[in-house]
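S.K.: A single structure is presented below for examination.
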Amino acid sequence: MTASNCTWGDWMGSWKTNAADVDQEAERIDRQKASFGEETISRLKDLNVLILGCRGVGVETAKNLILSNVGGVLIVDEDPAKMADRGSNFYLTNQHVKDATPRAEACLEELKTLNPFCKVDICRSSPTTELLSSTNVLSSGRGLAAVVVTSLELHSKFNLKEWNQACRAHGIAFILAVNHGVSLSLFSDFGTSHEILDATGEPTQTLAVSNIEVLESKPKLLEIDGFSDEKPVVVVTVAQAEHGLDDGDIVTLDDMRGELESWNGRQVTVKRVAIASPNAAKLDTSGVAFKEALKLPTSSVLANFERQYEFYKEQHESSGNSDKKFPVRSITMFNRLALVLNEDDKPSAFGTYQAGGLLNQLRPPIQTSYQSFADTLERTPVPQMLRGEEWELGHGIENHLATQAVLDFYDTNQHWPRLHNDDDAKKMVELCETISEKRQSMDGACWSQKISWGFPSGESRDLDKKRLERFSRLFATELTGFCAFLGGAAAQEVLKKSGKFTPINQWIHHDEEALVVDECPSNTANLQQSRYAHQISIMGQDFQRRAAQQNVFLVGCGALGCEYLKGLALMGIGTGESGKVWVTDMDRIEVSNLSRQFLFRQTDVGHPKSVRGALAVQKWNPAMNIEALERKVGDDTEDFFDDAFWGKLDLCWNALDNVQARRYTDSKCLLYSKPLLESGTLGTKCNHEVILPYRTSTYNDGNENDDQENQIAMCTLRSFPYLPLHCIEFAKQSYFSDYFEFGPDQYETFRNDAASFFEQLESMDAGEQYRSLTMISSFLEMQKQSGGSKLDLALLIRVAFDRLIEDYRTSILNLCHSADVMEKSSGKKFWTGTKRRPRPVDWNDAENKAALMEYLYSSSGLYASVWQVECIRDRSAFEELVHSLNLQQPEWSPPSEAVSLNDDEEEAGSNDEASKVENLKGDLYKIDTSTLPPACPQEFEKDDDLNFHIDFLTCATNLRAWNYDIRSSPRHTVKVTAGRIIPALATTTAMVCGLVDIEFCKLVLQLQSKGRDVFLNSNINLAAGSGNFTTFCPDPPVPILTNLSTPKHFTSWDKITITISDDGAPKTVQQLVQYIDTTLFPGVVVDRIFDLKSSNNSASLYNAMDALKLDWEITTEEGAAPTVSQGVFVQWPQLRMAVQMLGRLPPQSNQRKVFEKQVDTVKKALDGTKDTFQKSFEGLVQDAHRQAYRPSDDDKDDVLYFDTIYAKRKYLILGVDCHVVDGNEKKDIHLPPIEFTFA
């Protein structure tokens, strides 16, 4: 919807005055829409899904599909609930088990509460394949889109091969997701014809054209695939430094102007443009000079390269190498593309290019076909394993053969392999061997052959009988972690039926043999019914006992946290006498959380996440000892999360969404040597990391940060936008911030304490000062206009109108006027390339009236919030009030000062602003702040539709887009971009959390003693197919070089421990320095000792520079110049002039007193510094620390917090800066932290 064709009132949210008006469904899937896009979200509502089985995998898949807001979910499982099912199905209760309630029926009501906008039901009797031909599933008027099989045991009721063939015949996707013991398999079949509309989900590029040139014939140095030298070339230069496209990509031309307007909408293939450069030139393509050179016209770039080429070629030939090939390399110019035109297209047409133009990347649909379940079971020679190295070695052959063999086992014996049954295990091995032997002569079949680097060799090998026996012995069991993984992955496969993303190809298997550490019958036996029966059967009773006693700290209770709480409850963590789970989260539940944070319901909105999450899982497992906290975890809460708290933990489990918090918890795990489980998601992408003390790298060893954004030049945002993003960013950074955040905040600072305001002002640069002062002045002007009365809505509408005219009309006319003057004086066109000549809005223009009214409505509503004035939400009443004000558009006249047209990053007119600041200050000095009314600065909140924030930004964005003839942005796009919304999906979250649950089991089994190779990290993109299921063992700790001969290096886990009570341990700072440079590391010179945890980088317990001051002297003699050590002049450079003057002035001069006073002041300061240092140096380490780092007494809260921490903590974590002298070279030395215990 554009600014010019919107209907007044139909595209904003702030008119919604009660819950009935709010589109709850749209709010729920807000983050999901950021991942899928609006079109796919609509297609998902057409998907009806049949889920066969409702054990762990079944309920997980159903949960994720319902949260994903598909059209309908139909579940089949008539088997009665069993106690062991409660280990993986979170909706089953003891009562269900007692009453032998069918599993699907038992889960139905809970599943329905997940999403009232998704139809959920069960089949009351086992369906036949006739259901697949139904066109009215769940009374939706549509048939099934997908069938998900969640256990191989369902083959006894639904012949899997027959059902797969029936699905293929009806165009229904067939997904198999099964967990049996420590093995899992995922199979996907989208039939003989499937169209992928978007293979990866990555954003398509929109490239702004800055120039188009027509080369009559391709120069020899120019390298373009498929272009001969004599062929004309149309070269497009884009504004972005890198276009990110490949040869053969397709773009749609848009926003072409003048004679090229007819090309708009045309799809054109593009090719990369490269240029030949001599190797000898050693051109730095990453350097600034090269990048700046590429901004020149292509003809100029070619001329420069041709001169370079000829120069080096002549040198090559003159050096006697004329008979040898002239070595050149190909350098791609990433800001240029060549258009591949049709034969009847005339390249010369592009010679008329002046300005504008966009290249919109197009991803054409991909047609794919898939093989059947039966065919792939037989003819997949190297089945994929989740672990890449296992895939390359062919370990998937055992899993694949076992899958076929277990189906044959049932067909032959009419029962499935029994738990821990050796006879059945033996039969399974024999079946696998028989199948393998039969297939050996078949082309492309799966049989036991050697695999090298992922390729079959044709040479037979022995089957791994132990793995096959284990598959049989544990076939009847499942683990909650595997069920969560499969439930997320299978649900995501179903969603791909919409055409969004690439299905897997076609099998993925996984084994976790490490979980089976003890197959002793007395350990894995279940003597009584237990909800943990499957865990015990796999990992043993001792595992379950240790699990119950675990102390786990879960940080965060959002989407990740909900999944982890579920897993902890199902596994029985913290159910023992000394076990406990702590979960903390400061956030409250919002409607948008409900699409993936599955523990919460509509009635939970507004309540603390941690509290409601803990209540939910405690209902599932009342034995779980869990404490919900609403505390931040950081430097300012260490009085609560103290040494005693961290010391009793078995591990920390992160469920966080920001890097800063992750770094902090990682640092605590480093300090206390605790394992850390880390994970994160971004749409369909996810990763997890297992961090083991002394065995793996840590989170802080990486270089991840929250600031991943590309900065846009301010001149582009301010005066020359050319993309919708530019309009959104300027609306947020300038309009919203100035008028409703920064401006009111500065006004309040001035109103409450003018002296502090002016002091704060001095710390700003001229541009920021001018911005602050002008905003305050504009608010004071409002007070004048009110005539001393309270501000009312009518006045605020007039203020909004003035801003509208200034921002979207006057400033535009001023910019165009200045550009016209420049064009006239220079004779050069100004509006070229990406610079678009803007057009002003006109209040009297009926075409734009709706958009202008929207602006007044949202803007005045925000001003009303700032000044605490009641607004009018009724649209008709608001419009009536606007008409009554008779708002008139003022006549425009050329400005007295030209608008800055600079392209640099500096704020325009900053020099002029500096000269205006003093006048504005003078005006403010005269104001009696006691008479000013209070303002309420607006803190940007994206998820409240009633606060006008997103409404205003959408209006401001699209009016600016209209100014510059840029495509308008939908409200949701503005919300996602301005609100920095992170795309989030229930499927991705469930999948990665399942993997982490399994890693947690390994920690409970104490497998870290076997090394890091037993553990698994992941980096998975569910959107991009099988090749993006990447898992690997954790990296080893990162070695940090000391620059000493010994020790040569250390890791982040290492620290030097010094306990003051030990014999010979240092107690004073002086002794500590000597201990470091003589006992620990002889020859090292200590430069500084400081608190490694403190953010005060200037403080220290010891600084060698202060030690030097002990030798500094200032001696005075009556009538003579003082004697001053040279170091004093470094610290107090102003003293040099005083000493010089005292050496020149005669004793009787009255001027001597002035300089003698200066010398005396510095002498006292030096003596004080020496005395303070001497006391600290000779005093106890902890006293020196307290003196250096205790806050000023003025900061009472900080002092209280510091003293509280100090009273509890009897150690310091100290960093040491030091060096050695090697000959004439000073070399920095890096040492581990020192843990200094003083009690």
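Labels for the structure tokens follow display order: chains A, B, ..., residues from 1 in each chain, ligands from 1.
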If we count only C-alpha atoms, what is near Ala990 of chain A at a cut-off of 8 Å, once residues fewer than 3 positions away on the same chain are taken out, given as JSON, numbers by chain?
M.R.: {"A": [64, 484, 485, 487, 488, 560, 563, 986, 987, 993, 994]}
S.K.: Can you write out the residues you just picked, keeping N, CA and C atoms, as a PDB file, in the first residue's frame?
M.R.:
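selection-v8.pdb, written as the output of this step:
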```pdb
ATOM      1  N   ASN A  64       4.682 -28.238  17.058  1.00  0.00           N
ATOM      2  CA  ASN A  64       5.385 -27.269  16.210  1.00  0.00           C
ATOM      3  C   ASN A  64       4.551 -26.839  15.006  1.00  0.00           C
ATOM      4  N   ALA A 484      12.402 -34.130  20.335  1.00  0.00           N
ATOM      5  CA  ALA A 484      12.323 -32.687  20.090  1.00  0.00           C
ATOM      6  C   ALA A 484      13.027 -32.324  18.786  1.00  0.00           C
ATOM      7  N   PHE A 485      14.204 -32.898  18.573  1.00  0.00           N
ATOM      8  CA  PHE A 485      14.939 -32.645  17.325  1.00  0.00           C
ATOM      9  C   PHE A 485      14.095 -33.039  16.121  1.00  0.00           C
ATOM     10  N   GLY A 487      10.850 -33.599  15.975  1.00  0.00           N
ATOM     11  CA  GLY A 487       9.608 -32.835  15.893  1.00  0.00           C
ATOM     12  C   GLY A 487       9.801 -31.495  15.225  1.00  0.00           C
ATOM     13  N   GLY A 488      10.955 -30.852  15.481  1.00  0.00           N
ATOM     14  CA  GLY A 488      11.250 -29.586  14.815  1.00  0.00           C
ATOM     15  C   GLY A 488      11.593 -29.768  13.355  1.00  0.00           C
ATOM     16  N   LEU A 560      13.742 -20.617  23.570  1.00  0.00           N
ATOM     17  CA  LEU A 560      14.721 -21.639  23.943  1.00  0.00           C
ATOM     18  C   LEU A 560      14.468 -22.134  25.363  1.00  0.00           C
ATOM     19  N   GLU A 563      11.582 -24.641  25.763  1.00  0.00           N
ATOM     20  CA  GLU A 563      11.946 -25.980  25.296  1.00  0.00           C
ATOM     21  C   GLU A 563      12.862 -26.679  26.289  1.00  0.00           C
ATOM     22  N   ALA A 986       9.207 -21.790  15.771  1.00  0.00           N
ATOM     23  CA  ALA A 986       9.094 -22.875  16.753  1.00  0.00           C
ATOM     24  C   ALA A 986       9.855 -24.110  16.299  1.00  0.00           C
ATOM     25  N   THR A 987       9.873 -24.357  14.979  1.00  0.00           N
ATOM     26  CA  THR A 987      10.523 -25.561  14.454  1.00  0.00           C
ATOM     27  C   THR A 987      12.023 -25.546  14.732  1.00  0.00           C
ATOM     28  N   CYS A 993      17.104 -27.342  20.439  1.00  0.00           N
ATOM     29  CA  CYS A 993      17.014 -27.662  21.865  1.00  0.00           C
ATOM     30  C   CYS A 993      17.051 -29.171  22.091  1.00  0.00           C
ATOM     31  N   GLY A 994      16.485 -29.925  21.155  1.00  0.00           N
ATOM     32  CA  GLY A 994      16.571 -31.371  21.270  1.00  0.00           C
ATOM     33  C   GLY A 994      18.002 -31.860  21.237  1.00  0.00           C
TER      34      GLY A 994
END
```
S.K.: Determine, counting only C-alpha atoms, which protein, DNA and RNA residues have an atom within 8 Å of an atom of Arg967 of chain A; residues of the same chain fewer than 5 positions away are not included. Present the result as a PyMOL selection string.
M.R.: chain A and resi 2+723-724+961-962
S.K.: Write the residues you've just listed into a file as a compact mmCIF listing (two decimals), in the first residue's frame, and include all heavy atoms for each of them.
M.R.:
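Listed below is the output, out_37.txt:
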```
# COMPACT_ATOMS: atom_id res chain seq x y z
N THR A 2 0.64 2.15 -0.90
CA THR A 2 1.47 3.34 -1.02
C THR A 2 0.85 4.49 -0.24
O THR A 2 -0.32 4.46 0.12
CB THR A 2 1.63 3.75 -2.49
OG1 THR A 2 0.34 4.14 -3.00
CG2 THR A 2 2.16 2.60 -3.33
N LEU A 723 16.56 3.73 -1.35
CA LEU A 723 15.97 2.44 -1.02
C LEU A 723 14.95 2.61 0.11
O LEU A 723 15.09 3.53 0.93
CB LEU A 723 17.04 1.45 -0.56
CG LEU A 723 18.09 1.00 -1.60
CD1 LEU A 723 19.13 0.13 -0.92
CD2 LEU A 723 17.43 0.27 -2.75
N PRO A 724 13.96 1.74 0.19
CA PRO A 724 13.00 1.82 1.30
C PRO A 724 13.67 1.79 2.66
O PRO A 724 13.24 2.47 3.59
CB PRO A 724 12.11 0.58 1.09
CG PRO A 724 12.16 0.32 -0.38
CD PRO A 724 13.56 0.69 -0.79
N ALA A 961 9.30 8.19 1.38
CA ALA A 961 9.42 7.38 0.17
C ALA A 961 8.67 8.04 -0.99
O ALA A 961 9.15 8.04 -2.13
CB ALA A 961 8.88 5.98 0.43
N TRP A 962 7.50 8.60 -0.70
CA TRP A 962 6.75 9.32 -1.74
C TRP A 962 7.54 10.53 -2.24
O TRP A 962 7.59 10.79 -3.44
CB TRP A 962 5.39 9.75 -1.19
CG TRP A 962 4.51 10.39 -2.23
CD1 TRP A 962 3.62 9.78 -3.05
CD2 TRP A 962 4.49 11.79 -2.56
NE1 TRP A 962 3.02 10.70 -3.88
CE2 TRP A 962 3.53 11.94 -3.60
CE3 TRP A 962 5.16 12.91 -2.10
CZ2 TRP A 962 3.24 13.19 -4.18
CZ3 TRP A 962 4.88 14.15 -2.67
CH2 TRP A 962 3.94 14.28 -3.69
```
S.K.: Go through A:Thr113, A:Ser673, A:Leu47, A:Thr957 and flag the residue nearest Leu144 of chain A, using only C-alpha atoms for the distances.
M.R.: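 That would be A:Leu47, the residue with the smallest distance to Leu144 of chain A.
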S.K.: Applying 7 Å and only C-alpha atoms, which residues near Ile797 of chain A remain after dropping the ones on its own chain fewer than 4 positions away? List them as a ChimeraX atom specification.
M.R.: /A:793,801,856,860
S.K.: Report as a ChimeraX atom specification: the residues of segment 519-735 of chain A with a DSSP assignment of alpha helix (DSSP H), based on the backbone of this structure.
M.R.: /A:521-524,533-539,541-548,559-571,609-620,643-647,659-672,714-718,724-730
S.K.: Quick one, how far is atom CA of Ile1058 of chain A from atom CA of Thr1237 of chain A?
M.R.: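 So the answer is 6.2 Å.
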S.K.: When you draw a straight line from atom CA of Cys167 of chain A to atom CA of Arg142 of chain A, how long is it in Å?
M.R.: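 Computing it gives 15.1 Å between the two atoms.
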